[in-house]
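Asks: To start, I am sharing the structure in question, which I have written as structure tokens.
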Amino acid sequence: MSLADDFNARAAANLPGHLGLVITDVGRGEVRATMPVRTALMAPNGFLHAGSLVTLADTSAGCGCLATLPEGATGFTTIELKSNHLGTARDGTVDCVATAAHLGRTTQVWDAVVTHRETGKTLVLFRCTQMILYPGT
């Protein structure tokens with residue numbers, strides 16, 4: 001089973017699974033994911049909810065963090081995130097590419113770009129900082 005398949009199986013009953021988010025590729029320092037745009041992910045104004053897009057980006061970065069945990073680490077937690085929303089979508093599919101900006105022993109920093117597949121338009125620029133957890137923390 002690939003890292004992407006393992007993560008998707010673990011996430012199926014959680015928020016990523018409910019949103020229809022699928023991790024498509026996990027490499028060292030890069031994660032790719034996709035999510036279909038559908039009514040359940042919309043804000044009341046008829047556009048894709050910003051929280052749906054942030055969840056896609058944060059989940060992609062989190063998957064990358066799990067795949068690159070330092071030796072002895074037991075997990076991580078997000079300690080900061082920022083998103084710049086440049087656009088939205090009403091249909092189609094959104095794609096995310098998360099890349100590691102810093103892979104340290106106590107923190108990791110990940111950037112993610114979310115785009116609308118059909119138009120190629122950048123929707124979100126995202127950055128998060130992850131605190132690496134060790135036994136006893």
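Every chain in the structure tokens takes a letter, A first, then B, and so on in the order presented; its residues are numbered from 1, and the ligands are numbered from 1 following the presented order.
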Which residues, written as a PDB file with N, CA and C atoms, in the first residue's frame, have at least one atom at most 12 Å from Arg127 of chain A, with only C-alpha atoms counted and residues fewer than 5 positions away on the same chain left out?
Replies:
ATOM      1  N   VAL A  54      -9.123  25.619   2.754  1.00  0.00           N
ATOM      2  CA  VAL A  54      -8.108  25.566   3.807  1.00  0.00           C
ATOM      3  C   VAL A  54      -7.924  24.127   4.285  1.00  0.00           C
ATOM      4  N   ALA A  57      -5.716  22.305   1.793  1.00  0.00           N
ATOM      5  CA  ALA A  57      -4.306  22.705   1.918  1.00  0.00           C
ATOM      6  C   ALA A  57      -3.693  22.183   3.209  1.00  0.00           C
ATOM      7  N   ASP A  58      -4.400  22.329   4.326  1.00  0.00           N
ATOM      8  CA  ASP A  58      -3.866  21.906   5.620  1.00  0.00           C
ATOM      9  C   ASP A  58      -3.700  20.389   5.682  1.00  0.00           C
ATOM     10  N   THR A  59      -4.632  19.662   5.115  1.00  0.00           N
ATOM     11  CA  THR A  59      -4.534  18.201   5.093  1.00  0.00           C
ATOM     12  C   THR A  59      -3.359  17.750   4.237  1.00  0.00           C
ATOM     13  N   SER A  60      -3.158  18.406   3.113  1.00  0.00           N
ATOM     14  CA  SER A  60      -2.032  18.062   2.241  1.00  0.00           C
ATOM     15  C   SER A  60      -0.711  18.299   2.958  1.00  0.00           C
ATOM     16  N   ALA A  61      -0.595  19.451   3.620  1.00  0.00           N
ATOM     17  CA  ALA A  61       0.618  19.757   4.383  1.00  0.00           C
ATOM     18  C   ALA A  61       0.794  18.770   5.538  1.00  0.00           C
ATOM     19  N   GLY A  62      -0.281  18.433   6.214  1.00  0.00           N
ATOM     20  CA  GLY A  62      -0.214  17.486   7.321  1.00  0.00           C
ATOM     21  C   GLY A  62       0.227  16.108   6.877  1.00  0.00           C
ATOM     22  N   THR A  78      -0.598  21.378  14.136  1.00  0.00           N
ATOM     23  CA  THR A  78      -0.486  22.671  13.471  1.00  0.00           C
ATOM     24  C   THR A  78      -0.477  23.766  14.521  1.00  0.00           C
ATOM     25  N   ILE A  79       0.530  24.645  14.469  1.00  0.00           N
ATOM     26  CA  ILE A  79       0.588  25.743  15.434  1.00  0.00           C
ATOM     27  C   ILE A  79       0.303  27.099  14.786  1.00  0.00           C
ATOM     28  N   GLU A  80       0.365  27.165  13.470  1.00  0.00           N
ATOM     29  CA  GLU A  80      -0.004  28.406  12.790  1.00  0.00           C
ATOM     30  C   GLU A  80      -0.356  28.083  11.347  1.00  0.00           C
ATOM     31  N   LEU A  81      -1.347  28.796  10.836  1.00  0.00           N
ATOM     32  CA  LEU A  81      -1.647  28.695   9.418  1.00  0.00           C
ATOM     33  C   LEU A  81      -2.138  30.036   8.907  1.00  0.00           C
ATOM     34  N   LYS A  82      -1.870  30.263   7.621  1.00  0.00           N
ATOM     35  CA  LYS A  82      -2.283  31.494   6.961  1.00  0.00           C
ATOM     36  C   LYS A  82      -2.712  31.134   5.556  1.00  0.00           C
ATOM     37  N   SER A  83      -3.765  31.785   5.098  1.00  0.00           N
ATOM     38  CA  SER A  83      -4.203  31.545   3.731  1.00  0.00           C
ATOM     39  C   SER A  83      -4.584  32.859   3.060  1.00  0.00           C
ATOM     40  N   ASN A  84      -4.161  32.993   1.824  1.00  0.00           N
ATOM     41  CA  ASN A  84      -4.564  34.111   0.988  1.00  0.00           C
ATOM     42  C   ASN A  84      -5.486  33.535  -0.084  1.00  0.00           C
ATOM     43  N   HIS A  85      -6.718  34.021  -0.118  1.00  0.00           N
ATOM     44  CA  HIS A  85      -7.713  33.518  -1.065  1.00  0.00           C
ATOM     45  C   HIS A  85      -7.788  34.473  -2.244  1.00  0.00           C
ATOM     46  N   VAL A  97      -0.985  21.330  -4.322  1.00  0.00           N
ATOM     47  CA  VAL A  97       0.395  20.858  -4.242  1.00  0.00           C
ATOM     48  C   VAL A  97       0.992  21.504  -2.996  1.00  0.00           C
ATOM     49  N   ALA A  98       1.367  20.677  -2.035  1.00  0.00           N
ATOM     50  CA  ALA A  98       2.008  21.152  -0.800  1.00  0.00           C
ATOM     51  C   ALA A  98       3.485  20.808  -0.866  1.00  0.00           C
ATOM     52  N   THR A  99       4.326  21.777  -0.519  1.00  0.00           N
ATOM     53  CA  THR A  99       5.768  21.557  -0.556  1.00  0.00           C
ATOM     54  C   THR A  99       6.402  22.007   0.759  1.00  0.00           C
ATOM     55  N   ALA A 100       7.403  21.277   1.164  1.00  0.00           N
ATOM     56  CA  ALA A 100       8.106  21.601   2.406  1.00  0.00           C
ATOM     57  C   ALA A 100       9.013  22.801   2.191  1.00  0.00           C
ATOM     58  N   ALA A 101       8.891  23.784   3.077  1.00  0.00           N
ATOM     59  CA  ALA A 101       9.786  24.938   3.075  1.00  0.00           C
ATOM     60  C   ALA A 101      10.877  24.771   4.124  1.00  0.00           C
ATOM     61  N   HIS A 102      10.561  23.985   5.171  1.00  0.00           N
ATOM     62  CA  HIS A 102      11.517  23.748   6.271  1.00  0.00           C
ATOM     63  C   HIS A 102      11.161  22.424   6.923  1.00  0.00           C
ATOM     64  N   GLN A 108       8.159  22.098  11.295  1.00  0.00           N
ATOM     65  CA  GLN A 108       8.160  22.016   9.842  1.00  0.00           C
ATOM     66  C   GLN A 108       7.303  23.164   9.328  1.00  0.00           C
ATOM     67  N   VAL A 109       7.678  23.711   8.178  1.00  0.00           N
ATOM     68  CA  VAL A 109       6.882  24.744   7.518  1.00  0.00           C
ATOM     69  C   VAL A 109       6.541  24.234   6.127  1.00  0.00           C
ATOM     70  N   TRP A 110       5.258  24.310   5.798  1.00  0.00           N
ATOM     71  CA  TRP A 110       4.769  23.817   4.513  1.00  0.00           C
ATOM     72  C   TRP A 110       4.014  24.926   3.784  1.00  0.00           C
ATOM     73  N   ASP A 111       4.221  24.996   2.481  1.00  0.00           N
ATOM     74  CA  ASP A 111       3.466  25.880   1.601  1.00  0.00           C
ATOM     75  C   ASP A 111       2.560  25.019   0.733  1.00  0.00           C
ATOM     76  N   ALA A 112       1.398  25.556   0.407  1.00  0.00           N
ATOM     77  CA  ALA A 112       0.488  24.841  -0.493  1.00  0.00           C
ATOM     78  C   ALA A 112      -0.153  25.839  -1.445  1.00  0.00           C
ATOM     79  N   VAL A 113      -0.352  25.386  -2.666  1.00  0.00           N
ATOM     80  CA  VAL A 113      -1.053  26.173  -3.675  1.00  0.00           C
ATOM     81  C   VAL A 113      -2.246  25.346  -4.137  1.00  0.00           C
ATOM     82  N   VAL A 114      -3.423  25.965  -4.067  1.00  0.00           N
ATOM     83  CA  VAL A 114      -4.653  25.311  -4.510  1.00  0.00           C
ATOM     84  C   VAL A 114      -5.087  25.974  -5.817  1.00  0.00           C
TER      85      VAL A 114
END
Asks: Find the residues near Phe47 of chain A: any atom within 6 Å, counting only C-alpha atoms, skip ones fewer than 4 places away on the same chain, and give them as a list in words.
Replies: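 The contact residues come out as Met42, Ala43, Ala89 and Arg90 of chain A.
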Asks: Please produce a file of those selected residues containing N, CA and C atoms, as an mmCIF file, in the first residue's frame.
Replies:
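And here is the file that came out, result.cif:
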data_model
loop_
_atom_site.group_PDB
_atom_site.id
_atom_site.type_symbol
_atom_site.label_atom_id
_atom_site.label_comp_id
_atom_site.auth_asym_id
_atom_site.auth_seq_id
_atom_site.Cartn_x
_atom_site.Cartn_y
_atom_site.Cartn_z
ATOM 1 N N MET A 42 -19.982 24.187 -0.399
ATOM 2 C CA MET A 42 -20.233 25.583 -0.731
ATOM 3 C C MET A 42 -20.636 26.396 0.490
ATOM 4 N N ALA A 43 -20.334 27.677 0.413
ATOM 5 C CA ALA A 43 -20.863 28.647 1.376
ATOM 6 C C ALA A 43 -22.291 28.997 0.929
ATOM 7 N N ALA A 89 -14.429 28.824 -6.753
ATOM 8 C CA ALA A 89 -14.975 27.989 -7.824
ATOM 9 C C ALA A 89 -16.407 27.616 -7.494
ATOM 10 N N ARG A 90 -17.159 27.264 -8.518
ATOM 11 C CA ARG A 90 -18.529 26.788 -8.356
ATOM 12 C C ARG A 90 -18.707 25.353 -8.842
#
Asks: Ranking A:Arg38, A:Ala73, A:Gly46, A:Asp6 by minimum distance to Gly104 of chain A and counting only C-alpha atoms, which one comes first?
Replies: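 Ranked by minimum distance to Gly104 of chain A, first place goes to A:Ala73.
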Asks: Let's see if you can do this: from backbone DSSP, list all helix (DSSP H, G or I) residues in chain A, as a ChimeraX atom specification.
Replies: /A:3-11,15-19,39-41,50-67
Asks: Please, could you write that set of residues out with N, CA and C atoms as an mmCIF file, in the first residue's frame?
Replies:
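Final file, result.cif:
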data_model
loop_
_atom_site.group_PDB
_atom_site.id
_atom_site.type_symbol
_atom_site.label_atom_id
_atom_site.label_comp_id
_atom_site.auth_asym_id
_atom_site.auth_seq_id
_atom_site.Cartn_x
_atom_site.Cartn_y
_atom_site.Cartn_z
ATOM 1 N N LEU A 3 1.914 5.336 0.502
ATOM 2 C CA LEU A 3 1.643 6.305 1.569
ATOM 3 C C LEU A 3 0.325 7.035 1.318
ATOM 4 N N ALA A 4 0.057 7.373 0.061
ATOM 5 C CA ALA A 4 -1.201 8.051 -0.275
ATOM 6 C C ALA A 4 -2.391 7.155 0.039
ATOM 7 N N ASP A 5 -2.329 5.893 -0.357
ATOM 8 C CA ASP A 5 -3.428 4.962 -0.079
ATOM 9 C C ASP A 5 -3.633 4.784 1.411
ATOM 10 N N ASP A 6 -2.534 4.669 2.167
ATOM 11 C CA ASP A 6 -2.616 4.509 3.617
ATOM 12 C C ASP A 6 -3.266 5.740 4.250
ATOM 13 N N PHE A 7 -2.844 6.925 3.858
ATOM 14 C CA PHE A 7 -3.427 8.141 4.417
ATOM 15 C C PHE A 7 -4.905 8.242 4.066
ATOM 16 N N ASN A 8 -5.277 7.977 2.818
ATOM 17 C CA ASN A 8 -6.679 8.050 2.410
ATOM 18 C C ASN A 8 -7.540 7.065 3.191
ATOM 19 N N ALA A 9 -7.020 5.877 3.441
ATOM 20 C CA ALA A 9 -7.771 4.888 4.221
ATOM 21 C C ALA A 9 -7.959 5.365 5.657
ATOM 22 N N ARG A 10 -6.904 5.940 6.250
ATOM 23 C CA ARG A 10 -7.001 6.438 7.627
ATOM 24 C C ARG A 10 -7.914 7.644 7.729
ATOM 25 N N ALA A 11 -8.001 8.445 6.675
ATOM 26 C CA ALA A 11 -8.779 9.689 6.706
ATOM 27 C C ALA A 11 -10.225 9.513 6.254
ATOM 28 N N LEU A 15 -12.753 14.202 8.638
ATOM 29 C CA LEU A 15 -13.098 15.359 7.823
ATOM 30 C C LEU A 15 -12.587 15.258 6.389
ATOM 31 N N PRO A 16 -11.326 14.899 6.148
ATOM 32 C CA PRO A 16 -10.881 14.810 4.750
ATOM 33 C C PRO A 16 -11.743 13.860 3.911
ATOM 34 N N GLY A 17 -12.101 12.734 4.472
ATOM 35 C CA GLY A 17 -12.948 11.782 3.757
ATOM 36 C C GLY A 17 -14.339 12.332 3.494
ATOM 37 N N HIS A 18 -14.901 13.025 4.467
ATOM 38 C CA HIS A 18 -16.237 13.612 4.296
ATOM 39 C C HIS A 18 -16.245 14.693 3.216
ATOM 40 N N LEU A 19 -15.120 15.379 3.053
ATOM 41 C CA LEU A 19 -15.037 16.418 2.032
ATOM 42 C C LEU A 19 -14.755 15.850 0.642
ATOM 43 N N THR A 39 -21.911 20.718 -3.880
ATOM 44 C CA THR A 39 -22.797 21.582 -3.100
ATOM 45 C C THR A 39 -22.481 21.566 -1.613
ATOM 46 N N ALA A 40 -22.172 20.417 -1.058
ATOM 47 C CA ALA A 40 -21.905 20.318 0.383
ATOM 48 C C ALA A 40 -20.688 21.129 0.824
ATOM 49 N N LEU A 41 -19.829 21.524 -0.109
ATOM 50 C CA LEU A 41 -18.619 22.275 0.218
ATOM 51 C C LEU A 41 -18.776 23.775 -0.014
ATOM 52 N N ALA A 50 -14.386 28.925 1.899
ATOM 53 C CA ALA A 50 -12.953 29.087 2.186
ATOM 54 C C ALA A 50 -12.448 27.977 3.098
ATOM 55 N N GLY A 51 -13.272 27.533 4.043
ATOM 56 C CA GLY A 51 -12.869 26.460 4.946
ATOM 57 C C GLY A 51 -12.619 25.147 4.226
ATOM 58 N N SER A 52 -13.339 24.901 3.154
ATOM 59 C CA SER A 52 -13.096 23.693 2.357
ATOM 60 C C SER A 52 -11.714 23.745 1.728
ATOM 61 N N LEU A 53 -11.357 24.916 1.203
ATOM 62 C CA LEU A 53 -10.054 25.078 0.567
ATOM 63 C C LEU A 53 -8.920 25.013 1.590
ATOM 64 N N VAL A 54 -9.123 25.619 2.754
ATOM 65 C CA VAL A 54 -8.108 25.566 3.807
ATOM 66 C C VAL A 54 -7.924 24.127 4.285
ATOM 67 N N THR A 55 -9.000 23.391 4.394
ATOM 68 C CA THR A 55 -8.895 21.989 4.811
ATOM 69 C C THR A 55 -8.096 21.178 3.797
ATOM 70 N N LEU A 56 -8.321 21.412 2.516
ATOM 71 C CA LEU A 56 -7.541 20.721 1.488
ATOM 72 C C LEU A 56 -6.051 21.034 1.648
ATOM 73 N N ALA A 57 -5.716 22.305 1.793
ATOM 74 C CA ALA A 57 -4.306 22.705 1.918
ATOM 75 C C ALA A 57 -3.693 22.183 3.209
ATOM 76 N N ASP A 58 -4.400 22.329 4.326
ATOM 77 C CA ASP A 58 -3.866 21.906 5.620
ATOM 78 C C ASP A 58 -3.700 20.389 5.682
ATOM 79 N N THR A 59 -4.632 19.662 5.115
ATOM 80 C CA THR A 59 -4.534 18.201 5.093
ATOM 81 C C THR A 59 -3.359 17.750 4.237
ATOM 82 N N SER A 60 -3.158 18.406 3.113
ATOM 83 C CA SER A 60 -2.032 18.062 2.241
ATOM 84 C C SER A 60 -0.711 18.299 2.958
ATOM 85 N N ALA A 61 -0.595 19.451 3.620
ATOM 86 C CA ALA A 61 0.618 19.757 4.383
ATOM 87 C C ALA A 61 0.794 18.770 5.538
ATOM 88 N N GLY A 62 -0.281 18.433 6.214
ATOM 89 C CA GLY A 62 -0.214 17.486 7.321
ATOM 90 C C GLY A 62 0.227 16.108 6.877
ATOM 91 N N CYS A 63 -0.247 15.678 5.725
ATOM 92 C CA CYS A 63 0.180 14.388 5.182
ATOM 93 C C CYS A 63 1.680 14.420 4.898
ATOM 94 N N GLY A 64 2.149 15.536 4.346
ATOM 95 C CA GLY A 64 3.577 15.683 4.097
ATOM 96 C C GLY A 64 4.389 15.656 5.373
ATOM 97 N N CYS A 65 3.861 16.290 6.405
ATOM 98 C CA CYS A 65 4.547 16.303 7.699
ATOM 99 C C CYS A 65 4.649 14.883 8.251
ATOM 100 N N LEU A 66 3.569 14.140 8.186
ATOM 101 C CA LEU A 66 3.606 12.746 8.656
ATOM 102 C C LEU A 66 4.652 11.931 7.897
ATOM 103 N N ALA A 67 4.762 12.175 6.610
ATOM 104 C CA ALA A 67 5.689 11.406 5.781
ATOM 105 C C ALA A 67 7.148 11.772 6.030
#
Asks: Report, in Å with one decimal, the straight-line distance from atom CA of Val22 of chain A to atom CA of Asp95 of chain A.
Replies: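 Distance between the two atoms: 9.6 Å.
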